[in-house]
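Listing of model.txt; format and content: compact mmCIF, C-alpha atoms and all ligand atoms.
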```txt
# COMPACT_ATOMS: atom_id res chain seq x y z
CA MET A 8 3.96 -20.93 20.87
CA LYS A 9 1.12 -18.41 20.78
CA GLN A 10 -2.03 -20.44 20.12
CA GLN A 11 -3.63 -17.79 17.92
CA ILE A 12 -0.88 -18.20 15.32
CA GLU A 13 -2.54 -21.45 14.30
CA GLN A 14 -5.45 -19.43 12.85
CA LEU A 15 -3.06 -17.76 10.42
CA SER A 16 -1.01 -18.95 7.50
CA ALA A 17 2.29 -17.74 6.08
CA TYR A 18 2.17 -15.30 3.17
CA GLU A 19 1.47 -17.14 -0.11
CA PRO A 20 3.52 -15.49 -2.84
CA GLY A 21 1.73 -17.23 -5.74
CA LEU A 22 3.54 -19.22 -8.43
CA SER A 23 6.74 -17.81 -9.92
CA PRO A 24 6.73 -16.82 -13.62
CA ARG A 25 8.74 -19.98 -14.38
CA ALA A 26 6.29 -22.26 -12.52
CA LEU A 27 3.33 -20.53 -14.20
CA LYS A 28 4.89 -20.99 -17.63
CA ASP A 29 5.28 -24.70 -16.99
CA LYS A 30 1.85 -25.19 -15.44
CA TYR A 31 -0.10 -23.36 -18.17
CA GLU A 32 2.32 -24.18 -21.01
CA ILE A 33 2.88 -20.55 -21.91
CA GLU A 34 5.36 -19.60 -24.59
CA GLY A 35 7.04 -16.21 -24.54
CA ASP A 36 7.71 -13.84 -21.65
CA LEU A 37 5.49 -13.42 -18.64
CA HIS A 38 5.07 -9.96 -17.05
CA LYS A 39 4.60 -9.64 -13.30
CA LEU A 40 1.50 -7.51 -12.89
CA ALA A 41 0.23 -9.06 -9.67
CA SER A 42 1.74 -7.00 -6.83
CA ASN A 43 1.21 -3.34 -7.80
CA GLU A 44 4.89 -2.69 -8.29
CA ASN A 45 5.97 0.30 -10.38
CA VAL A 46 6.65 -1.13 -13.84
CA TYR A 47 8.89 1.84 -14.68
CA GLY A 48 11.21 1.18 -11.72
CA PRO A 49 12.90 3.93 -9.69
CA SER A 50 14.46 7.23 -10.81
CA THR A 51 17.86 6.82 -12.49
CA HIS A 52 19.48 8.74 -9.60
CA VAL A 53 18.72 5.81 -7.31
CA LYS A 54 21.21 3.42 -8.89
CA GLU A 55 23.88 6.11 -8.72
CA ALA A 56 23.21 6.65 -5.02
CA ILE A 57 23.44 2.91 -4.35
CA GLN A 58 26.70 2.66 -6.29
CA ASN A 59 28.20 5.57 -4.35
CA HIS A 60 27.79 3.63 -1.12
CA LEU A 61 28.85 0.12 -2.14
CA ASP A 62 32.05 0.44 -0.09
CA GLU A 63 30.08 0.68 3.15
CA LEU A 64 28.40 -2.71 3.14
CA GLN A 65 30.36 -3.96 6.17
CA PHE A 66 28.93 -1.20 8.38
CA TYR A 67 25.58 -1.26 10.14
CA PRO A 68 23.20 1.44 8.97
CA GLU A 69 22.71 4.55 11.08
CA THR A 70 19.91 3.68 13.44
CA GLY A 71 16.64 5.47 12.71
CA SER A 72 17.70 6.50 9.16
CA PRO A 73 18.51 10.15 10.11
CA LEU A 74 19.47 11.35 6.61
CA LEU A 75 16.18 10.23 5.15
CA LYS A 76 14.24 11.40 8.20
CA GLN A 77 15.54 14.93 7.73
CA ALA A 78 14.70 14.89 4.02
CA ILE A 79 11.14 13.65 4.63
CA SER A 80 10.69 16.15 7.42
CA GLU A 81 11.52 18.94 4.94
CA HIS A 82 9.49 17.39 2.12
CA LEU A 83 6.33 17.01 4.23
CA ASN A 84 7.01 19.90 6.58
CA VAL A 85 6.67 17.77 9.74
CA ASP A 86 9.04 17.57 12.68
CA PRO A 87 11.56 14.67 12.38
CA SER A 88 10.52 13.48 15.86
CA ARG A 89 7.17 12.46 14.32
CA ILE A 90 8.63 10.02 11.76
CA LEU A 91 9.46 6.31 12.22
CA PHE A 92 10.83 3.96 9.54
CA GLY A 93 10.26 0.28 8.97
CA ALA A 94 11.52 -2.36 6.55
CA GLY A 95 8.53 -1.57 4.37
CA LEU A 96 5.12 -0.64 5.72
CA ASP A 97 4.77 -4.31 6.54
CA GLU A 98 7.20 -3.80 9.41
CA VAL A 99 5.63 -0.49 10.42
CA ILE A 100 2.25 -2.23 10.74
CA LEU A 101 3.89 -5.02 12.72
CA MET A 102 5.65 -2.60 15.11
CA ILE A 103 2.52 -0.56 15.79
CA SER A 104 0.44 -3.68 16.41
CA ARG A 105 3.12 -5.13 18.66
CA ALA A 106 3.50 -1.92 20.65
CA VAL A 107 -0.18 -1.12 21.11
CA LEU A 108 -2.26 -4.31 21.20
CA THR A 109 -2.72 -6.66 24.15
CA PRO A 110 -5.02 -9.74 24.28
CA GLY A 111 -8.69 -8.74 24.18
CA ASP A 112 -8.06 -5.34 22.57
CA LYS A 113 -9.80 -4.71 19.27
CA ILE A 114 -8.90 -3.21 15.95
CA VAL A 115 -11.50 -1.97 13.51
CA THR A 116 -10.90 -2.06 9.78
CA SER A 117 -12.65 -3.19 6.63
CA GLU A 118 -13.22 -6.46 4.84
CA MET A 119 -11.24 -6.75 1.61
CA THR A 120 -8.40 -4.46 2.51
CA PHE A 121 -4.66 -4.90 3.09
CA GLY A 122 -4.33 -8.15 5.06
CA GLN A 123 -1.48 -7.20 7.40
CA TYR A 124 -3.71 -5.13 9.73
CA TYR A 125 -5.68 -8.30 10.47
CA HIS A 126 -2.68 -10.62 10.53
CA ASN A 127 -0.67 -8.61 13.06
CA ALA A 128 -3.68 -8.01 15.31
CA ILE A 129 -4.33 -11.75 15.53
CA VAL A 130 -0.66 -12.38 16.41
CA GLU A 131 -1.16 -10.06 19.40
CA ALA A 132 -4.37 -11.96 20.37
CA ALA A 133 -6.49 -8.91 19.61
CA ASP A 134 -9.98 -9.08 18.13
CA VAL A 135 -10.58 -7.80 14.63
CA GLU A 136 -13.82 -6.24 13.44
CA GLN A 137 -13.90 -6.08 9.65
CA VAL A 138 -16.75 -3.91 8.39
CA PRO A 139 -17.97 -4.90 4.89
CA LEU A 140 -17.09 -2.55 2.05
CA THR A 141 -19.84 -0.68 0.29
CA ASP A 142 -19.27 -1.13 -3.42
CA GLY A 143 -15.48 -1.25 -3.03
CA HIS A 144 -15.36 1.70 -0.59
CA PHE A 145 -14.68 1.78 3.15
CA ASP A 146 -17.97 2.14 5.02
CA LEU A 147 -16.94 4.90 7.42
CA GLU A 148 -20.35 5.00 9.09
CA GLY A 149 -20.11 1.23 9.73
CA ILE A 150 -16.61 1.66 11.16
CA LEU A 151 -17.84 4.36 13.56
CA LYS A 152 -20.58 1.99 14.76
CA ALA A 153 -18.02 -0.79 15.33
CA ILE A 154 -15.89 1.32 17.72
CA ASP A 155 -16.21 0.30 21.37
CA ASP A 156 -14.25 0.57 24.64
CA GLN A 157 -11.86 -2.19 23.54
CA THR A 158 -10.94 -0.48 20.28
CA LYS A 159 -7.26 0.51 20.31
CA LEU A 160 -6.52 1.05 16.59
CA ILE A 161 -8.51 1.89 13.47
CA TRP A 162 -6.90 0.99 10.14
CA LEU A 163 -7.98 2.79 6.97
CA CYS A 164 -6.46 2.13 3.57
CA ASN A 165 -6.72 5.08 1.20
CA PRO A 166 -6.85 4.36 -1.68
CA ASN A 167 -7.84 0.84 -0.76
CA ASN A 168 -5.93 -2.25 -1.82
CA PRO A 169 -7.32 -4.34 -3.55
CA THR A 170 -10.30 -2.28 -4.77
CA GLY A 171 -8.50 0.98 -5.67
CA CYS A 172 -11.38 3.10 -4.30
CA TYR A 173 -10.78 6.17 -2.11
CA MET A 174 -12.41 8.26 0.55
CA THR A 175 -12.56 12.01 0.03
CA HIS A 176 -11.14 14.81 2.17
CA ASN A 177 -14.61 15.71 3.45
CA GLN A 178 -15.55 12.12 4.22
CA LEU A 179 -12.34 11.59 6.15
CA THR A 180 -12.69 14.92 7.99
CA GLN A 181 -16.23 14.10 9.08
CA PHE A 182 -15.10 10.65 10.18
CA LEU A 183 -12.19 12.01 12.25
CA GLU A 184 -14.50 14.52 13.91
CA ARG A 185 -16.51 11.61 15.30
CA VAL A 186 -13.76 9.17 16.33
CA PRO A 187 -12.87 9.39 20.06
CA ALA A 188 -9.63 11.40 20.20
CA GLN A 189 -7.71 8.75 22.16
CA ILE A 190 -8.01 6.12 19.37
CA PRO A 191 -5.29 6.32 16.70
CA VAL A 192 -6.64 6.30 13.15
CA LEU A 193 -3.92 4.85 10.92
CA ILE A 194 -4.33 6.00 7.35
CA ASP A 195 -2.33 3.78 4.99
CA GLU A 196 -1.49 5.82 1.90
CA ALA A 197 0.76 3.29 0.17
CA TYR A 198 -0.62 4.41 -3.23
CA VAL A 199 -1.10 8.13 -2.54
CA GLU A 200 1.33 9.25 -5.27
CA TYR A 201 -0.94 7.69 -7.90
CA ALA A 202 -4.09 9.51 -6.73
CA THR A 203 -5.18 12.29 -9.06
CA ALA A 204 -8.70 13.07 -7.75
CA GLU A 205 -8.99 16.67 -6.62
CA ASP A 206 -10.92 15.77 -3.50
CA PHE A 207 -8.35 13.18 -2.38
CA PRO A 208 -7.52 13.92 1.29
CA ASP A 209 -4.73 16.28 2.24
CA THR A 210 -3.76 14.08 5.15
CA LEU A 211 -0.95 16.34 6.32
CA LYS A 212 -3.48 19.11 6.77
CA LEU A 213 -5.81 16.73 8.61
CA GLN A 214 -2.95 15.82 10.94
CA GLN A 215 -2.77 19.46 12.07
CA GLN A 216 -6.46 19.32 12.96
CA PHE A 217 -6.66 15.81 14.46
CA GLU A 218 -3.85 14.61 16.73
CA ASN A 219 -4.94 10.98 16.36
CA ALA A 220 -4.73 10.97 12.53
CA PHE A 221 -1.57 9.02 11.67
CA LEU A 222 -0.21 8.60 8.19
CA LEU A 223 1.66 5.67 6.57
CA ARG A 224 3.62 5.92 3.33
CA THR A 225 6.06 3.69 1.46
CA PHE A 226 8.85 3.77 -1.10
CA SER A 227 7.62 0.42 -2.51
CA LYS A 228 5.03 1.68 -4.98
CA ALA A 229 5.38 4.88 -7.03
CA TYR A 230 9.01 5.32 -5.88
CA GLY A 231 9.76 1.92 -7.43
CA LEU A 232 11.72 0.54 -4.47
CA ALA A 233 9.71 -2.51 -3.32
CA GLY A 234 12.92 -4.54 -3.27
CA MET A 235 14.63 -2.13 -0.86
CA ARG A 236 11.98 -2.46 1.89
CA ILE A 237 11.38 0.99 3.32
CA GLY A 238 8.24 2.72 4.56
CA TYR A 239 7.30 5.11 7.37
CA VAL A 240 4.64 6.44 9.67
CA VAL A 241 4.06 10.07 10.62
CA ALA A 242 2.35 10.19 14.02
CA ALA A 243 2.23 12.06 17.34
CA GLN A 244 5.70 12.39 18.86
CA GLU A 245 4.70 10.49 22.05
CA SER A 246 3.53 7.52 19.99
CA ILE A 247 6.67 7.51 17.84
CA GLU A 248 8.84 7.53 20.98
CA LYS A 249 7.06 4.43 22.34
CA TRP A 250 6.99 2.54 19.05
CA ASN A 251 10.66 3.31 18.50
CA ILE A 252 11.48 1.31 21.64
CA ILE A 253 10.41 -1.89 19.93
CA ARG A 254 11.96 -1.05 16.54
CA PRO A 255 14.83 -3.45 15.75
CA PRO A 256 17.92 -1.18 15.95
CA PHE A 257 19.06 -1.64 12.34
CA ASN A 258 15.75 -2.46 10.68
CA VAL A 259 16.27 -0.35 7.55
CA GLY A 260 19.35 -1.18 5.46
CA ARG A 261 22.03 1.38 4.67
CA LEU A 262 21.51 1.14 0.89
CA SER A 263 17.74 1.34 1.33
CA GLU A 264 18.11 4.65 3.12
CA TYR A 265 20.35 6.13 0.41
CA ALA A 266 18.12 4.78 -2.36
CA ALA A 267 14.98 6.25 -0.78
CA HIS A 268 16.76 9.55 -0.21
CA ALA A 269 17.73 9.80 -3.89
CA ALA A 270 14.22 8.76 -4.96
CA LEU A 271 12.58 11.36 -2.73
CA LYS A 272 14.79 14.12 -4.14
CA ASP A 273 13.61 13.37 -7.69
CA GLN A 274 10.02 14.57 -7.44
CA SER A 275 9.81 15.35 -11.17
CA TYR A 276 10.21 11.60 -11.78
CA ILE A 277 7.33 10.82 -9.40
CA GLN A 278 5.22 13.35 -11.26
CA GLU A 279 6.08 11.59 -14.52
CA VAL A 280 5.20 8.17 -13.07
CA ARG A 281 1.88 9.57 -11.83
CA ASN A 282 1.05 11.07 -15.23
CA ARG A 283 1.98 7.98 -17.22
CA ASN A 284 -0.01 5.76 -14.90
CA ALA A 285 -3.05 8.07 -15.02
CA GLU A 286 -2.92 8.11 -18.83
CA GLU A 287 -2.78 4.31 -18.99
CA ARG A 288 -5.46 3.95 -16.31
CA GLU A 289 -7.75 6.13 -18.39
CA LYS A 290 -7.47 3.70 -21.31
CA PHE A 291 -9.06 0.98 -19.16
CA PHE A 292 -11.81 3.24 -17.88
CA GLU A 293 -12.77 4.34 -21.38
CA LEU A 294 -13.83 0.77 -22.10
CA GLU A 295 -17.41 -0.37 -22.13
CA GLU A 296 -16.19 -3.22 -19.85
CA SER A 297 -15.20 -0.72 -17.16
CA LYS A 298 -18.66 -1.27 -15.70
CA HIS A 299 -17.07 -4.41 -14.25
CA PHE A 300 -14.27 -2.44 -12.56
CA TYR A 301 -14.16 -0.63 -9.26
CA PRO A 302 -13.05 2.97 -9.84
CA SER A 303 -9.31 3.30 -9.18
CA GLN A 304 -7.01 6.03 -7.89
CA THR A 305 -4.03 3.68 -7.93
CA ASN A 306 -1.73 1.77 -10.29
CA PHE A 307 -4.02 -1.26 -10.25
CA ILE A 308 -7.58 -2.16 -11.21
CA TYR A 309 -9.92 -4.63 -9.57
CA VAL A 310 -12.06 -6.41 -12.16
CA LYS A 311 -15.22 -8.04 -10.82
CA THR A 312 -16.23 -11.42 -12.21
CA ASP A 313 -17.75 -14.69 -11.07
CA LYS A 314 -15.07 -16.45 -13.12
CA PRO A 315 -11.83 -15.04 -11.71
CA GLN A 316 -9.75 -18.12 -12.52
CA ALA A 317 -10.86 -18.07 -16.17
CA LEU A 318 -9.99 -14.37 -16.46
CA PHE A 319 -6.64 -14.92 -14.73
CA GLU A 320 -5.80 -17.69 -17.22
CA ALA A 321 -6.91 -15.63 -20.23
CA LEU A 322 -4.61 -12.80 -19.11
CA LEU A 323 -1.80 -15.25 -18.47
CA LYS A 324 -2.09 -16.54 -22.03
CA VAL A 325 -1.16 -13.04 -23.27
CA GLY A 326 1.77 -12.94 -20.85
CA CYS A 327 0.28 -10.99 -17.92
CA ILE A 328 0.35 -12.38 -14.38
CA THR A 329 -2.44 -10.88 -12.27
CA ARG A 330 -3.78 -11.70 -8.82
CA VAL A 331 -6.90 -13.80 -8.29
CA PHE A 332 -9.50 -12.96 -5.62
CA PRO A 333 -12.69 -14.91 -4.84
CA GLN A 334 -14.87 -12.45 -6.80
CA GLY A 335 -12.43 -10.93 -9.27
CA ILE A 336 -8.87 -10.29 -10.31
CA ARG A 337 -6.55 -7.38 -9.63
CA LEU A 338 -4.26 -6.27 -12.43
CA THR A 339 -1.36 -3.86 -12.10
CA ILE A 340 -1.37 -1.19 -14.79
CA GLY A 341 1.69 -1.85 -16.93
CA TYR A 342 3.43 -0.49 -20.00
CA PRO A 343 1.21 0.56 -22.95
CA GLU A 344 1.94 -2.73 -24.82
CA GLN A 345 1.00 -4.83 -21.78
CA ASN A 346 -2.14 -2.79 -21.18
CA GLU A 347 -3.11 -3.13 -24.82
CA LYS A 348 -2.96 -6.93 -24.49
CA MET A 349 -4.95 -6.94 -21.25
CA ILE A 350 -7.56 -4.65 -22.79
CA GLN A 351 -8.04 -7.03 -25.71
CA VAL A 352 -8.61 -9.91 -23.29
CA LEU A 353 -11.10 -7.88 -21.25
CA GLN A 354 -12.99 -6.89 -24.39
CA SER A 355 -13.53 -10.50 -25.41
CA PHE A 356 -14.14 -11.94 -21.94
CA GLU A 357 -17.62 -13.07 -20.93
CA PHE A 358 -17.97 -11.70 -17.42
C1 LIG A 401 -2.09 -0.86 1.23
C2 LIG A 401 -0.73 -1.40 1.46
N1 LIG A 401 -0.11 -1.12 2.60
C3 LIG A 401 1.12 -1.57 2.85
C4 LIG A 401 1.78 -2.37 1.95
C5 LIG A 401 3.13 -2.88 2.30
O1 LIG A 401 4.07 -2.18 1.61
P1 LIG A 401 5.62 -2.28 1.87
O2 LIG A 401 6.21 -2.80 0.62
O3 LIG A 401 6.03 -0.87 2.20
O4 LIG A 401 5.83 -3.21 3.03
C6 LIG A 401 1.18 -2.70 0.74
C7 LIG A 401 1.87 -3.56 -0.23
O5 LIG A 401 1.30 -4.13 -1.12
C8 LIG A 401 -0.11 -2.20 0.49
O6 LIG A 401 -0.76 -2.50 -0.64
```

For the structure just supplied, provide its representation as structure tokens.
Ligand SMILES: Cc1ncc(COP(=O)(O)O)c(C=O)c1O
Amino acid sequence: MKQQIEQLSAYEPGLSPRALKDKYEIEGDLHKLASNENVYGPSTHVKEAIQNHLDELQFYPETGSPLLKQAISEHLNVDPSRILFGAGLDEVILMISRAVLTPGDKIVTSEMTFGQYYHNAIVEAADVEQVPLTDGHFDLEGILKAIDDQTKLIWLCNPNNPTGCYMTHNQLTQFLERVPAQIPVLIDEAYVEYATAEDFPDTLKLQQQFENAFLLRTFSKAYGLAGMRIGYVVAAQESIEKWNIIRPPFNVGRLSEYAAHAALKDQSYIQEVRNRNAEEREKFFELEESKHFYPSQTNFIYVKTDKPQALFEALLKVGCITRVFPQGIRLTIGYPEQNEKMIQVLQSFEF
């Protein structure tokens, strides 16, 4: 057994809605607003696509998901040889860490960001430098200072989970100009479809300028397919070729590929999801209480409080399950009725 695994613990999913209902004696329905899933679900074409392929369940999927690869290549205008799929970004992060890191190597990322960058680096016995956030934002200057000869990967999360904050195109450009060209900068854009800020990075453009700028995207969030497990990285062809060697041959399921393909083809639905989310998000940021929130370019909001458990329980009492952090809670933006209830709680809460 690798000794370093003892420093880690298995993913804690939190209590199920049923267990929460029992524990807190809640009557009525509970809504899952803890994991930033798309409350509207996927495009209606997705179910049709899945149904059309139900007679193929006995067959392995086509390795490397070629149908979807071609569609993404056209959608993003990148060569298919630069795309690699995983069973969610979770597996993409795992594969990259596994392929690149050896004991004593270092990754640089931020405190309070997506935990899998850290987790997978520790599994590979690499060191992790986590630079503190500045007011919910990645401290790019601090990350540059943390880079040394051992640094093999830099992980950025834009917009950041759990704070929802983003770095701008100019900030990212200036950062990439100063990172040594041999170090891959992995830019996790799991929530990119929700971003509406005009100065949000055009990462595909940045990739043309910086060969070490790699991009990660997923079908789990705005595409509404968290249950299908499919995400991808767009990187330099040489890197993709190496990482592909360690990819489990049939890592992405057959139905997942067809579902993602149908979801990708329905861009008007993604536009609708983005607009509805932005409209609902605005309702939270119009509140006086928004001074307690980090700004958000995502489908979730991080609410800062010294009493996160009390806020979590108050939201639970109105049927909304959120996620507790040491200094706050993170709520997923839901349907208008759910948001209305959460807003009422926030307005009467003593932060
Ligand atoms: C920033 C970020 N990256 C990656 C992931 C993993 O996503 P996937 O469902 O594609 O594995 C998540 C999921 O919450 C996330 O928030």

- Determine, counting only C-alpha atoms, which protein, DNA and RNA residues have an atom within 12 Å of an atom of A:Asp146; residues of the same chain fewer than 3 positions away are not included. Present the result as a PyMOL selection string. chain A and resi 115-120+137-143+149-153+163-164+167+172-174+178-179+182

- Message: Could you list, as a count of residues only, all residues that come within 6 Å of ligand LIG 401 (chain A)? Count all atoms listed in the file.
- Response: 14

- Item | Polymer residues at most 12 Å from A:Ala317, all atoms listed in the file, same-chain spacing of 3 or more positions, as number ranges by chain | A: 312-314, 320-324, 329, 331-336, 352-353, 356-358

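Pairwise distance (atom CA of A:Ala26, atom CA of A:Lys39) equals 12.8 Å.
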
- What is the atom CA of A:Arg224-atom CA of A:Gly48 distance in Å, reported with one decimal?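 Going from atom CA of A:Arg224 over to atom CA of A:Gly48 covers 17.5 Å.
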